[in-house]
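Shown next: target39.cif, containing mmCIF, C-alpha atoms.
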data_input
#
loop_
_atom_site.label_atom_id
_atom_site.label_comp_id
_atom_site.auth_asym_id
_atom_site.auth_seq_id
_atom_site.Cartn_x
_atom_site.Cartn_y
_atom_site.Cartn_z
CA MET A 1 0.00 0.00 0.00
CA ILE A 2 1.24 3.45 -0.91
CA THR A 3 -0.46 6.39 0.72
CA ILE A 4 0.27 10.01 -0.09
CA LEU A 5 0.22 12.46 2.79
CA ARG A 6 -0.30 15.95 1.38
CA LEU A 7 0.48 18.66 3.94
CA GLY A 8 -1.15 22.03 4.48
CA HIS A 9 -3.78 22.19 1.73
CA ARG A 10 -5.30 25.64 1.14
CA ILE A 11 -8.58 25.69 -0.76
CA PHE A 12 -7.98 28.83 -2.77
CA ARG A 13 -4.34 28.35 -3.66
CA ASP A 14 -3.72 24.59 -3.77
CA GLN A 15 -6.86 23.06 -5.22
CA ARG A 16 -5.41 22.13 -8.59
CA ILE A 17 -1.97 21.13 -7.32
CA THR A 18 -3.50 18.86 -4.67
CA THR A 19 -5.85 17.36 -7.26
CA HIS A 20 -2.93 16.68 -9.61
CA CYS A 21 -1.01 15.04 -6.74
CA ALA A 22 -3.94 12.74 -6.10
CA LEU A 23 -4.61 11.90 -9.76
CA ALA A 24 -0.96 11.37 -10.65
CA GLY A 25 -0.63 9.25 -7.50
CA ARG A 26 -3.65 7.18 -8.53
CA ALA A 27 -2.53 6.78 -12.16
CA LEU A 28 0.96 5.73 -11.11
CA GLY A 29 0.08 3.15 -8.48
CA ALA A 30 -0.63 4.85 -5.16
CA ASP A 31 -3.67 3.63 -3.23
CA GLY A 32 -4.91 6.80 -1.62
CA MET A 33 -4.27 10.25 -0.27
CA VAL A 34 -4.67 11.81 3.14
CA TYR A 35 -4.41 15.59 3.28
CA THR A 36 -4.08 18.12 6.07
CA GLY A 37 -4.80 21.83 6.07
CA GLN A 38 -8.25 23.04 5.00
CA LYS A 39 -10.90 20.42 4.43
CA ASP A 40 -12.01 20.74 0.81
CA ARG A 41 -15.06 18.83 -0.38
CA ASP A 42 -14.69 20.00 -3.99
CA THR A 43 -11.22 18.51 -4.31
CA GLU A 44 -12.36 15.29 -2.63
CA ASP A 45 -15.37 15.05 -4.92
CA SER A 46 -13.37 15.61 -8.09
CA VAL A 47 -10.81 12.96 -7.13
CA ARG A 48 -13.54 10.46 -6.16
CA LYS A 49 -15.37 11.14 -9.40
CA VAL A 50 -12.26 10.33 -11.45
CA ALA A 51 -11.74 7.11 -9.50
CA GLU A 52 -15.39 6.09 -10.01
CA GLN A 53 -15.32 6.81 -13.71
CA TRP A 54 -11.90 5.42 -14.54
CA GLY A 55 -11.88 2.38 -12.27
CA GLY A 56 -10.00 0.91 -9.39
CA LYS A 57 -9.97 2.11 -5.83
CA PHE A 58 -8.37 5.32 -4.68
CA SER A 59 -9.27 6.84 -1.36
CA ILE A 60 -9.03 10.45 -0.27
CA ARG A 61 -9.67 11.83 3.19
CA HIS A 62 -8.89 14.86 5.28
CA SER A 63 -6.94 14.66 8.54
CA ASP A 64 -6.59 17.24 11.29
CA SER A 65 -3.16 16.07 12.29
CA TYR A 66 -0.09 15.26 10.23
CA LYS A 67 1.58 14.17 13.46
CA GLY A 68 -1.16 11.67 14.12
CA GLU A 69 -0.90 10.33 10.58
CA ILE A 70 2.87 9.95 10.61
CA ASP A 71 3.09 8.61 14.17
CA GLY A 72 0.22 6.17 13.58
CA PHE A 73 1.58 4.80 10.31
CA ARG A 74 3.02 1.29 10.53
CA GLY A 75 5.12 1.29 7.37
CA ILE A 76 7.90 3.64 6.42
CA SER A 77 7.48 7.34 5.78
CA VAL A 78 9.27 9.05 2.93
CA HIS A 79 9.21 12.83 2.83
CA LEU A 80 9.89 14.21 -0.64
CA THR A 81 11.75 17.49 -0.23
CA VAL A 82 14.31 19.43 -2.24
CA TYR A 83 16.59 19.40 0.84
CA GLY A 84 16.81 15.62 1.12
CA MET A 85 19.24 13.00 -0.12
CA PRO A 86 19.01 11.86 -3.77
CA PHE A 87 16.01 9.52 -3.94
CA GLN A 88 17.63 7.22 -6.49
CA GLU A 89 20.34 6.29 -3.95
CA LYS A 90 17.78 4.94 -1.48
CA MET A 91 15.37 3.38 -3.92
CA ALA A 92 16.69 -0.20 -3.79
CA GLU A 93 16.32 -0.11 0.01
CA ILE A 94 12.85 1.43 -0.06
CA ARG A 95 11.59 -0.89 -2.78
CA ARG A 96 11.81 -3.79 -0.34
CA LYS A 97 9.14 -2.16 1.83
CA LYS A 98 5.49 -2.68 1.02
CA ASP A 99 3.79 -0.01 3.11
CA ILE A 100 4.91 3.47 2.34
CA MET A 101 3.64 6.90 3.25
CA LEU A 102 4.85 9.45 0.72
CA ILE A 103 4.79 12.87 2.31
CA VAL A 104 4.62 15.96 0.10
CA GLY A 105 4.65 19.45 1.42
CA GLY A 106 2.72 22.53 0.90
CA GLU A 107 4.47 25.88 1.05
CA LYS A 108 5.76 25.59 4.63
CA VAL A 109 6.64 22.18 5.97
CA PRO A 110 6.76 22.03 9.79
CA PRO A 111 10.32 21.23 10.96
CA ASP A 112 9.30 18.07 12.81
CA VAL A 113 8.23 16.45 9.53
CA TYR A 114 11.95 16.19 8.72
CA GLU A 115 12.52 14.51 12.09
CA LYS A 116 9.54 12.18 12.04
CA SER A 117 10.08 10.92 8.49
CA ASP A 118 12.13 7.76 8.03
CA TYR A 119 13.59 9.26 4.85
CA ASN A 120 13.89 12.80 3.53
CA LEU A 121 14.52 12.42 -0.17
CA ALA A 122 15.00 14.79 -3.07
CA VAL A 123 14.06 14.30 -6.71
CA THR A 124 16.92 16.51 -7.93
CA SER A 125 18.15 19.26 -5.60
CA GLN A 126 16.39 21.89 -7.72
CA PRO A 127 13.11 23.56 -6.79
CA HIS A 128 10.30 22.25 -8.99
CA SER A 129 7.07 20.43 -8.25
CA GLU A 130 5.72 17.95 -5.73
CA ILE A 131 3.66 16.44 -8.55
CA ALA A 132 6.77 15.73 -10.64
CA SER A 133 8.59 14.38 -7.58
CA LEU A 134 5.74 12.04 -6.71
CA ALA A 135 5.55 10.80 -10.30
CA LEU A 136 9.26 10.04 -10.56
CA PHE A 137 9.34 8.39 -7.15
CA LEU A 138 6.43 6.08 -8.02
CA HIS A 139 7.88 5.33 -11.47
CA GLU A 140 11.21 4.25 -9.97
CA TYR A 141 9.56 2.42 -7.09
CA PHE A 142 7.45 0.33 -9.47
CA GLN A 143 10.24 0.21 -12.08
CA GLY A 144 7.93 1.27 -14.88
CA LYS A 145 5.40 -1.51 -14.24
CA GLU A 146 2.89 1.10 -13.03
CA LEU A 147 2.55 2.27 -16.64
CA GLY A 148 0.67 -0.93 -17.43
CA LYS A 149 -1.52 -0.89 -14.33
CA ARG A 150 -5.12 -1.96 -14.87
CA PHE A 151 -7.99 -0.23 -13.13
CA PRO A 152 -10.87 -2.65 -12.47
CA SER A 153 -14.47 -1.87 -13.48
CA PRO A 154 -14.05 1.44 -15.26
CA ARG A 155 -17.01 3.29 -16.74
CA LEU A 156 -14.68 5.05 -19.16
CA LYS A 157 -11.62 3.76 -20.92
CA VAL A 158 -9.27 5.45 -23.39
CA VAL A 159 -8.48 3.56 -26.56
CA PRO A 160 -5.01 4.87 -27.48
CA GLN A 161 -4.83 6.64 -30.85
CA ALA A 162 -2.00 8.02 -32.96
CA LYS A 163 -4.25 10.98 -33.86
CA GLY A 164 -7.44 12.12 -32.20
CA LYS A 165 -9.43 10.87 -29.23
CA MET A 166 -11.34 7.71 -28.49
CA VAL A 167 -13.05 6.92 -25.19
CA LYS A 168 -15.12 3.79 -24.67
CA LYS A 169 -18.03 3.64 -22.25
CA ALA A 170 -18.53 0.43 -20.32
CA MET B 1 17.19 21.27 -27.25
CA ILE B 2 13.93 20.47 -25.56
CA THR B 3 11.26 23.14 -25.57
CA ILE B 4 7.95 22.86 -23.78
CA LEU B 5 4.92 24.35 -25.50
CA ARG B 6 2.24 24.99 -22.92
CA LEU B 7 -1.17 25.65 -24.49
CA GLY B 8 -3.92 27.97 -23.37
CA HIS B 9 -2.60 29.47 -20.14
CA ARG B 10 -5.18 31.28 -18.02
CA ILE B 11 -3.80 33.67 -15.42
CA PHE B 12 -6.31 33.01 -12.70
CA ARG B 13 -6.67 29.27 -13.03
CA ASP B 14 -3.38 27.96 -14.38
CA GLN B 15 -0.67 30.05 -12.75
CA ARG B 16 0.66 27.39 -10.43
CA ILE B 17 0.27 24.48 -12.84
CA THR B 18 2.10 26.38 -15.60
CA THR B 19 4.84 27.37 -13.15
CA HIS B 20 5.25 23.75 -12.04
CA CYS B 21 5.46 22.66 -15.71
CA ALA B 22 8.24 25.17 -16.30
CA LEU B 23 10.17 24.36 -13.12
CA ALA B 24 9.87 20.60 -13.48
CA GLY B 25 10.90 20.98 -17.12
CA ARG B 26 13.93 23.03 -16.10
CA ALA B 27 14.95 20.68 -13.28
CA LEU B 28 14.64 17.63 -15.52
CA GLY B 29 16.57 18.87 -18.53
CA ALA B 30 14.31 20.98 -20.75
CA ASP B 31 15.77 24.22 -22.09
CA GLY B 32 12.80 26.51 -22.11
CA MET B 33 9.07 27.02 -22.32
CA VAL B 34 6.83 28.86 -24.73
CA TYR B 35 3.23 29.36 -23.65
CA THR B 36 0.08 30.49 -25.37
CA GLY B 37 -3.14 31.84 -23.90
CA GLN B 38 -2.98 34.85 -21.59
CA LYS B 39 0.35 36.62 -21.28
CA ASP B 40 1.33 36.44 -17.61
CA ARG B 41 4.28 38.49 -16.38
CA ASP B 42 4.06 37.12 -12.83
CA THR B 43 4.53 33.55 -13.99
CA GLU B 44 7.36 34.58 -16.30
CA ASP B 45 9.06 36.52 -13.52
CA SER B 46 8.82 33.70 -11.02
CA VAL B 47 10.27 31.16 -13.46
CA ARG B 48 13.10 33.55 -14.46
CA LYS B 49 13.86 34.24 -10.83
CA VAL B 50 14.27 30.53 -10.09
CA ALA B 51 16.57 30.13 -13.10
CA GLU B 52 18.69 33.12 -12.01
CA GLN B 53 18.99 31.92 -8.45
CA TRP B 54 19.53 28.23 -9.10
CA GLY B 55 21.70 28.43 -12.19
CA GLY B 56 21.75 27.44 -15.81
CA LYS B 57 19.65 28.85 -18.58
CA PHE B 58 15.96 28.37 -18.93
CA SER B 59 13.92 30.62 -21.17
CA ILE B 60 10.25 31.44 -20.98
CA ARG B 61 8.24 33.49 -23.45
CA HIS B 62 4.65 34.04 -24.49
CA SER B 63 3.42 33.34 -28.02
CA ASP B 64 0.18 34.44 -29.70
CA SER B 65 0.03 31.40 -31.93
CA TYR B 66 0.44 27.71 -31.16
CA LYS B 67 0.09 27.08 -34.90
CA GLY B 68 3.02 29.37 -35.64
CA GLU B 69 5.11 27.66 -32.96
CA ILE B 70 4.38 24.11 -34.12
CA ASP B 71 4.60 24.89 -37.86
CA GLY B 72 7.82 26.88 -37.40
CA PHE B 73 9.57 24.25 -35.29
CA ARG B 74 12.32 22.36 -37.10
CA GLY B 75 12.57 19.35 -34.81
CA ILE B 76 9.86 16.88 -33.88
CA SER B 77 6.78 17.75 -31.92
CA VAL B 78 5.45 15.43 -29.22
CA HIS B 79 2.00 16.16 -27.83
CA LEU B 80 1.47 14.59 -24.41
CA THR B 81 -2.19 13.62 -24.12
CA VAL B 82 -4.16 10.94 -22.33
CA TYR B 83 -5.61 9.90 -25.72
CA GLY B 84 -2.26 9.10 -27.35
CA MET B 85 -0.20 5.95 -27.79
CA PRO B 86 1.87 4.68 -24.83
CA PHE B 87 4.94 6.94 -24.69
CA GLN B 88 7.27 4.14 -23.62
CA GLU B 89 6.66 2.36 -26.95
CA LYS B 90 7.96 5.32 -28.97
CA MET B 91 10.76 6.41 -26.66
CA ALA B 92 13.63 4.58 -28.38
CA GLU B 93 12.64 6.25 -31.66
CA ILE B 94 12.23 9.70 -30.14
CA ARG B 95 15.44 9.50 -28.15
CA ARG B 96 17.42 9.61 -31.40
CA LYS B 97 16.07 13.11 -32.08
CA LYS B 98 17.82 16.09 -30.56
CA ASP B 99 15.29 18.89 -31.07
CA ILE B 100 11.98 18.21 -29.46
CA MET B 101 8.95 20.33 -28.74
CA LEU B 102 6.94 18.82 -25.92
CA ILE B 103 3.37 20.05 -26.16
CA VAL B 104 1.17 20.03 -23.05
CA GLY B 105 -2.40 21.12 -23.05
CA GLY B 106 -4.56 23.28 -21.00
CA GLU B 107 -8.17 22.33 -20.46
CA LYS B 108 -9.25 22.33 -24.14
CA VAL B 109 -6.70 21.35 -26.75
CA PRO B 110 -7.63 22.50 -30.28
CA PRO B 111 -8.23 19.47 -32.55
CA ASP B 112 -5.52 20.47 -35.03
CA VAL B 113 -2.85 20.03 -32.35
CA TYR B 114 -3.46 16.27 -32.70
CA GLU B 115 -2.98 16.60 -36.47
CA LYS B 116 0.03 18.90 -36.43
CA SER B 117 2.00 16.95 -33.81
CA ASP B 118 4.45 14.32 -35.02
CA TYR B 119 3.50 12.16 -32.04
CA ASN B 120 0.51 12.08 -29.72
CA LEU B 121 1.68 10.16 -26.68
CA ALA B 122 0.13 9.15 -23.38
CA VAL B 123 1.82 8.67 -20.04
CA THR B 124 -0.69 6.03 -18.92
CA SER B 125 -4.19 6.21 -20.40
CA GLN B 126 -5.53 7.59 -17.13
CA PRO B 127 -6.39 11.23 -16.50
CA HIS B 128 -3.81 12.82 -14.24
CA SER B 129 -1.40 15.71 -14.65
CA GLU B 130 0.59 17.36 -17.42
CA ILE B 131 3.31 18.00 -14.85
CA ALA B 132 3.65 14.30 -14.04
CA SER B 133 3.56 13.42 -17.75
CA LEU B 134 6.30 15.91 -18.57
CA ALA B 135 8.44 14.63 -15.72
CA LEU B 136 8.14 10.98 -16.75
CA PHE B 137 8.74 11.77 -20.40
CA LEU B 138 11.93 13.72 -19.64
CA HIS B 139 13.12 11.06 -17.19
CA GLU B 140 12.76 8.33 -19.80
CA TYR B 141 14.16 10.49 -22.59
CA PHE B 142 17.32 11.24 -20.60
CA GLN B 143 17.33 7.74 -19.04
CA GLY B 144 17.79 9.11 -15.55
CA LYS B 145 20.87 11.15 -16.40
CA GLU B 146 18.87 14.34 -15.90
CA LEU B 147 18.86 13.62 -12.15
CA GLY B 148 22.55 14.48 -12.05
CA LYS B 149 22.30 17.57 -14.25
CA ARG B 150 24.47 20.53 -13.16
CA PHE B 151 23.22 24.07 -13.34
CA PRO B 152 26.10 26.51 -14.01
CA SER B 153 26.68 29.62 -11.87
CA PRO B 154 23.96 29.22 -9.25
CA ARG B 155 23.52 31.77 -6.47
CA LEU B 156 21.88 29.13 -4.32
CA LYS B 157 22.65 25.47 -4.00
CA VAL B 158 21.10 22.77 -1.82
CA VAL B 159 23.47 20.60 0.17
CA PRO B 160 21.51 17.33 0.52
CA GLN B 161 20.74 16.30 4.10
CA ALA B 162 19.23 13.23 5.73
CA LYS B 163 17.38 15.54 8.16
CA GLY B 164 16.78 19.26 7.91
CA LYS B 165 17.72 21.89 5.36
CA MET B 166 20.99 23.32 4.10
CA VAL B 167 21.30 25.88 1.32
CA LYS B 168 24.65 27.38 0.32
CA LYS B 169 24.95 30.86 -1.13
CA ALA B 170 27.55 31.39 -3.84
#
Using structure tokens, write down the structure that the file contains.
Amino acid sequence: MITILRLGHRIFRDQRITTHCALAGRALGADGMVYTGQKDRDTEDSVRKVAEQWGGKFSIRHSDSYKGEIDGFRGISVHLTVYGMPFQEKMAEIRRKKDIMLIVGGEKVPPDVYEKSDYNLAVTSQPHSEIASLALFLHEYFQGKELGKRFPSPRLKVVPQAKGKMVKKA
Amino acid sequence: MITILRLGHRIFRDQRITTHCALAGRALGADGMVYTGQKDRDTEDSVRKVAEQWGGKFSIRHSDSYKGEIDGFRGISVHLTVYGMPFQEKMAEIRRKKDIMLIVGGEKVPPDVYEKSDYNLAVTSQPHSEIASLALFLHEYFQGKELGKRFPSPRLKVVPQAKGKMVKKA
């Protein structure tokens, strides 16, 4: 199980970034997302709607406490941060673990997140995007197999095309 | 040279997504971004500021015409879209090309973009994020070497840490 913990969501500013984190997480093999900060029904609804339409199970829920989530988690916690060690150096070690909480920050990450996390890892030491970091982490974790992941019982399914669009309804 | 063409930017709605596309592109080896839609000095300034502070060259400019950009481009154009063929199947072919325009949509991609692009490729056939798609495309194109990319003459540089943060000033 891979769970994303998204910290410090703000409805006005983060809605699309948080949604992209959830959808990229889902598409690339994560099982769900927990988020802290402001509770946001619109973001939850849009993520649940995608999961219903496109198949598989992906959960999303709000939490009041990142500390509670990290402390209560029984697997290993991996905080993705520009300040961490290169993620590719720890990947072989992490890949042996089955239960992972992938922590991605909002604008200001509380200092104890660095302490509480089992790993603080960087996807390059350049400032960029938590969405890109999540995607590359999952891609390396699953070694590309996530690209062929099947999503059970979809209502909608893309039929890949060289030109144009085709979507099948179940 | 890898150039990102970001379509249909809207100042209010897309500012952070477009910025993440540019910064993830820069961090993962792209050389610049051209965007269409609304001209947005704030987004341009924030991307230029990151490039100045963190080193290397990364250009960003607005264009009035996606048609002009695609038609005038002398390399190959790759449109990343959920409706396209699996990107991993075409990667060996594309990797031989040196000049690539990576096209990423906004909400509504004009139909002729599918016609004009040399490739329409999907990073999974699931709806997720143009930022994640860009990141995975660049990672596979550069075969992971982009993770060690150096950015000349930075003012700021992260010194990777297992816990906490360290940034060096030049």
Using the chain letters and numbers from this file, what does the PyMOL selection byres ((chain B) within 6 of (chain A)) select? Give the answer as a ChimeraX atom specification.
/B:20,23-24,27,83-85,114,120,124-126,128-129,131-132,135,147,158,160-165
Please, can I see chain A fitted onto chain B by all in-order Cα atoms (least squares), as a compact mmCIF listing (two decimals) with C-alpha atoms, in the coordinates of the input?
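Produced file superposed_33.txt, reproduced below:
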# COMPACT_ATOMS: atom_id res chain seq x y z
CA MET A 1 17.20 21.28 -27.24
CA ILE A 2 13.92 20.46 -25.56
CA THR A 3 11.26 23.14 -25.56
CA ILE A 4 7.94 22.85 -23.78
CA LEU A 5 4.93 24.35 -25.51
CA ARG A 6 2.24 24.99 -22.90
CA LEU A 7 -1.16 25.65 -24.48
CA GLY A 8 -3.94 27.96 -23.37
CA HIS A 9 -2.60 29.46 -20.13
CA ARG A 10 -5.18 31.30 -18.01
CA ILE A 11 -3.78 33.67 -15.40
CA PHE A 12 -6.31 33.01 -12.67
CA ARG A 13 -6.67 29.26 -13.01
CA ASP A 14 -3.35 27.96 -14.37
CA GLN A 15 -0.66 30.06 -12.76
CA ARG A 16 0.68 27.40 -10.43
CA ILE A 17 0.28 24.48 -12.84
CA THR A 18 2.10 26.38 -15.60
CA THR A 19 4.84 27.38 -13.16
CA HIS A 20 5.26 23.75 -12.06
CA CYS A 21 5.46 22.67 -15.72
CA ALA A 22 8.24 25.16 -16.30
CA LEU A 23 10.18 24.36 -13.12
CA ALA A 24 9.87 20.60 -13.48
CA GLY A 25 10.88 20.99 -17.13
CA ARG A 26 13.92 23.03 -16.11
CA ALA A 27 14.94 20.67 -13.28
CA LEU A 28 14.63 17.63 -15.52
CA GLY A 29 16.55 18.87 -18.54
CA ALA A 30 14.30 20.98 -20.75
CA ASP A 31 15.78 24.22 -22.10
CA GLY A 32 12.78 26.50 -22.12
CA MET A 33 9.06 27.02 -22.32
CA VAL A 34 6.83 28.85 -24.74
CA TYR A 35 3.24 29.36 -23.63
CA THR A 36 0.07 30.48 -25.36
CA GLY A 37 -3.14 31.83 -23.89
CA GLN A 38 -2.98 34.86 -21.59
CA LYS A 39 0.34 36.62 -21.27
CA ASP A 40 1.33 36.45 -17.60
CA ARG A 41 4.28 38.50 -16.38
CA ASP A 42 4.06 37.13 -12.82
CA THR A 43 4.53 33.55 -13.98
CA GLU A 44 7.37 34.58 -16.29
CA ASP A 45 9.06 36.52 -13.51
CA SER A 46 8.82 33.69 -11.00
CA VAL A 47 10.27 31.17 -13.46
CA ARG A 48 13.09 33.56 -14.47
CA LYS A 49 13.86 34.25 -10.83
CA VAL A 50 14.26 30.53 -10.09
CA ALA A 51 16.56 30.13 -13.10
CA GLU A 52 18.67 33.12 -12.01
CA GLN A 53 18.98 31.92 -8.46
CA TRP A 54 19.51 28.23 -9.10
CA GLY A 55 21.69 28.43 -12.20
CA GLY A 56 21.74 27.42 -15.80
CA LYS A 57 19.67 28.84 -18.60
CA PHE A 58 15.95 28.36 -18.95
CA SER A 59 13.92 30.61 -21.18
CA ILE A 60 10.24 31.43 -20.98
CA ARG A 61 8.22 33.47 -23.44
CA HIS A 62 4.65 34.03 -24.49
CA SER A 63 3.41 33.32 -28.01
CA ASP A 64 0.20 34.43 -29.69
CA SER A 65 0.03 31.40 -31.91
CA TYR A 66 0.45 27.71 -31.16
CA LYS A 67 0.11 27.09 -34.89
CA GLY A 68 3.01 29.37 -35.61
CA GLU A 69 5.12 27.67 -32.95
CA ILE A 70 4.39 24.14 -34.12
CA ASP A 71 4.60 24.91 -37.85
CA GLY A 72 7.83 26.90 -37.39
CA PHE A 73 9.58 24.27 -35.28
CA ARG A 74 12.34 22.37 -37.08
CA GLY A 75 12.58 19.35 -34.79
CA ILE A 76 9.88 16.90 -33.87
CA SER A 77 6.77 17.75 -31.91
CA VAL A 78 5.45 15.43 -29.23
CA HIS A 79 2.01 16.15 -27.82
CA LEU A 80 1.48 14.59 -24.41
CA THR A 81 -2.18 13.63 -24.14
CA VAL A 82 -4.16 10.94 -22.35
CA TYR A 83 -5.61 9.89 -25.74
CA GLY A 84 -2.27 9.09 -27.36
CA MET A 85 -0.22 5.94 -27.79
CA PRO A 86 1.87 4.68 -24.84
CA PHE A 87 4.93 6.95 -24.69
CA GLN A 88 7.27 4.16 -23.62
CA GLU A 89 6.67 2.36 -26.96
CA LYS A 90 7.98 5.32 -28.96
CA MET A 91 10.76 6.41 -26.66
CA ALA A 92 13.64 4.58 -28.36
CA GLU A 93 12.65 6.24 -31.65
CA ILE A 94 12.24 9.70 -30.13
CA ARG A 95 15.46 9.49 -28.14
CA ARG A 96 17.41 9.59 -31.40
CA LYS A 97 16.09 13.10 -32.07
CA LYS A 98 17.83 16.08 -30.55
CA ASP A 99 15.30 18.86 -31.05
CA ILE A 100 11.98 18.21 -29.46
CA MET A 101 8.95 20.33 -28.76
CA LEU A 102 6.93 18.81 -25.92
CA ILE A 103 3.38 20.05 -26.16
CA VAL A 104 1.17 20.02 -23.06
CA GLY A 105 -2.40 21.09 -23.05
CA GLY A 106 -4.55 23.26 -21.01
CA GLU A 107 -8.17 22.32 -20.46
CA LYS A 108 -9.23 22.31 -24.12
CA VAL A 109 -6.70 21.33 -26.74
CA PRO A 110 -7.62 22.51 -30.26
CA PRO A 111 -8.21 19.49 -32.54
CA ASP A 112 -5.51 20.48 -35.02
CA VAL A 113 -2.83 20.04 -32.34
CA TYR A 114 -3.44 16.28 -32.70
CA GLU A 115 -2.96 16.61 -36.46
CA LYS A 116 0.05 18.90 -36.42
CA SER A 117 2.01 16.95 -33.81
CA ASP A 118 4.45 14.32 -35.03
CA TYR A 119 3.51 12.16 -32.04
CA ASN A 120 0.52 12.08 -29.72
CA LEU A 121 1.68 10.16 -26.69
CA ALA A 122 0.14 9.16 -23.39
CA VAL A 123 1.83 8.68 -20.03
CA THR A 124 -0.69 6.03 -18.94
CA SER A 125 -4.20 6.21 -20.41
CA GLN A 126 -5.55 7.59 -17.13
CA PRO A 127 -6.40 11.24 -16.51
CA HIS A 128 -3.80 12.82 -14.23
CA SER A 129 -1.40 15.71 -14.66
CA GLU A 130 0.59 17.37 -17.42
CA ILE A 131 3.32 18.01 -14.86
CA ALA A 132 3.65 14.30 -14.05
CA SER A 133 3.55 13.43 -17.76
CA LEU A 134 6.28 15.92 -18.58
CA ALA A 135 8.44 14.62 -15.73
CA LEU A 136 8.15 10.98 -16.75
CA PHE A 137 8.73 11.77 -20.41
CA LEU A 138 11.92 13.73 -19.65
CA HIS A 139 13.12 11.06 -17.19
CA GLU A 140 12.76 8.32 -19.80
CA TYR A 141 14.15 10.49 -22.58
CA PHE A 142 17.31 11.22 -20.60
CA GLN A 143 17.32 7.73 -19.03
CA GLY A 144 17.76 9.09 -15.53
CA LYS A 145 20.87 11.13 -16.39
CA GLU A 146 18.86 14.34 -15.91
CA LEU A 147 18.84 13.62 -12.16
CA GLY A 148 22.54 14.49 -12.05
CA LYS A 149 22.29 17.58 -14.24
CA ARG A 150 24.45 20.51 -13.16
CA PHE A 151 23.21 24.07 -13.37
CA PRO A 152 26.08 26.50 -14.02
CA SER A 153 26.66 29.61 -11.88
CA PRO A 154 23.98 29.22 -9.25
CA ARG A 155 23.51 31.78 -6.49
CA LEU A 156 21.88 29.12 -4.33
CA LYS A 157 22.66 25.46 -4.01
CA VAL A 158 21.10 22.76 -1.83
CA VAL A 159 23.46 20.59 0.16
CA PRO A 160 21.51 17.33 0.51
CA GLN A 161 20.73 16.33 4.10
CA ALA A 162 19.22 13.25 5.72
CA LYS A 163 17.38 15.56 8.15
CA GLY A 164 16.80 19.28 7.90
CA LYS A 165 17.72 21.90 5.33
CA MET A 166 20.97 23.33 4.09
CA VAL A 167 21.31 25.89 1.30
CA LYS A 168 24.64 27.40 0.31
CA LYS A 169 24.96 30.88 -1.14
CA ALA A 170 27.54 31.41 -3.85
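Using only C-alpha atoms, the shortest contact distance between B:Glu107 and any of B:Ile60, B:Met91, B:Val34, B:Leu7 is found at B:Leu7.
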One residue among B:Leu138, B:Ala30, B:Ala92, B:Val109 is nearest to B:Phe58 when using only C-alpha atoms, and that residue is B:Ala30
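Relative to atom CA of B:Arg6, atom CA of B:Asp64 is found at 11.8 Å.
Counting all atoms listed in the file, the residue from A:Gly75, A:Gly32, A:Gly68, A:Gly56 that sits nearest to A:Ile94 is A:Gly75.
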Quick one: apply the PyMOL selection byres ((chain B and resi 35) around 7) to the file and drop the selected residues here as a PyMOL selection string.
chain B and resi 5-7+9+33-34+36-37+61-63
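Separating atom CA of A:Gly8 from atom CA of A:Ile100 is a distance of 19.6 Å.
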Which protein, DNA or RNA residues have an atom at most 7 Å from (11.5, 20.8, -25.3), counting all atoms listed in the file? List them as an MDAnalysis selection string.
chainID B and resid 1:4 30:32 100:102
Could you work out how far atom CA of B:Glu69 lies from atom CA of B:Arg95, giving the answer in Å with one decimal?
21.4 Å
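Nearest-residue note for A:Lys49: choosing from A:Ile103, A:Arg155, A:Phe73, A:Arg10, the minimum distance belongs to A:Arg155, counting all atoms listed in the file.
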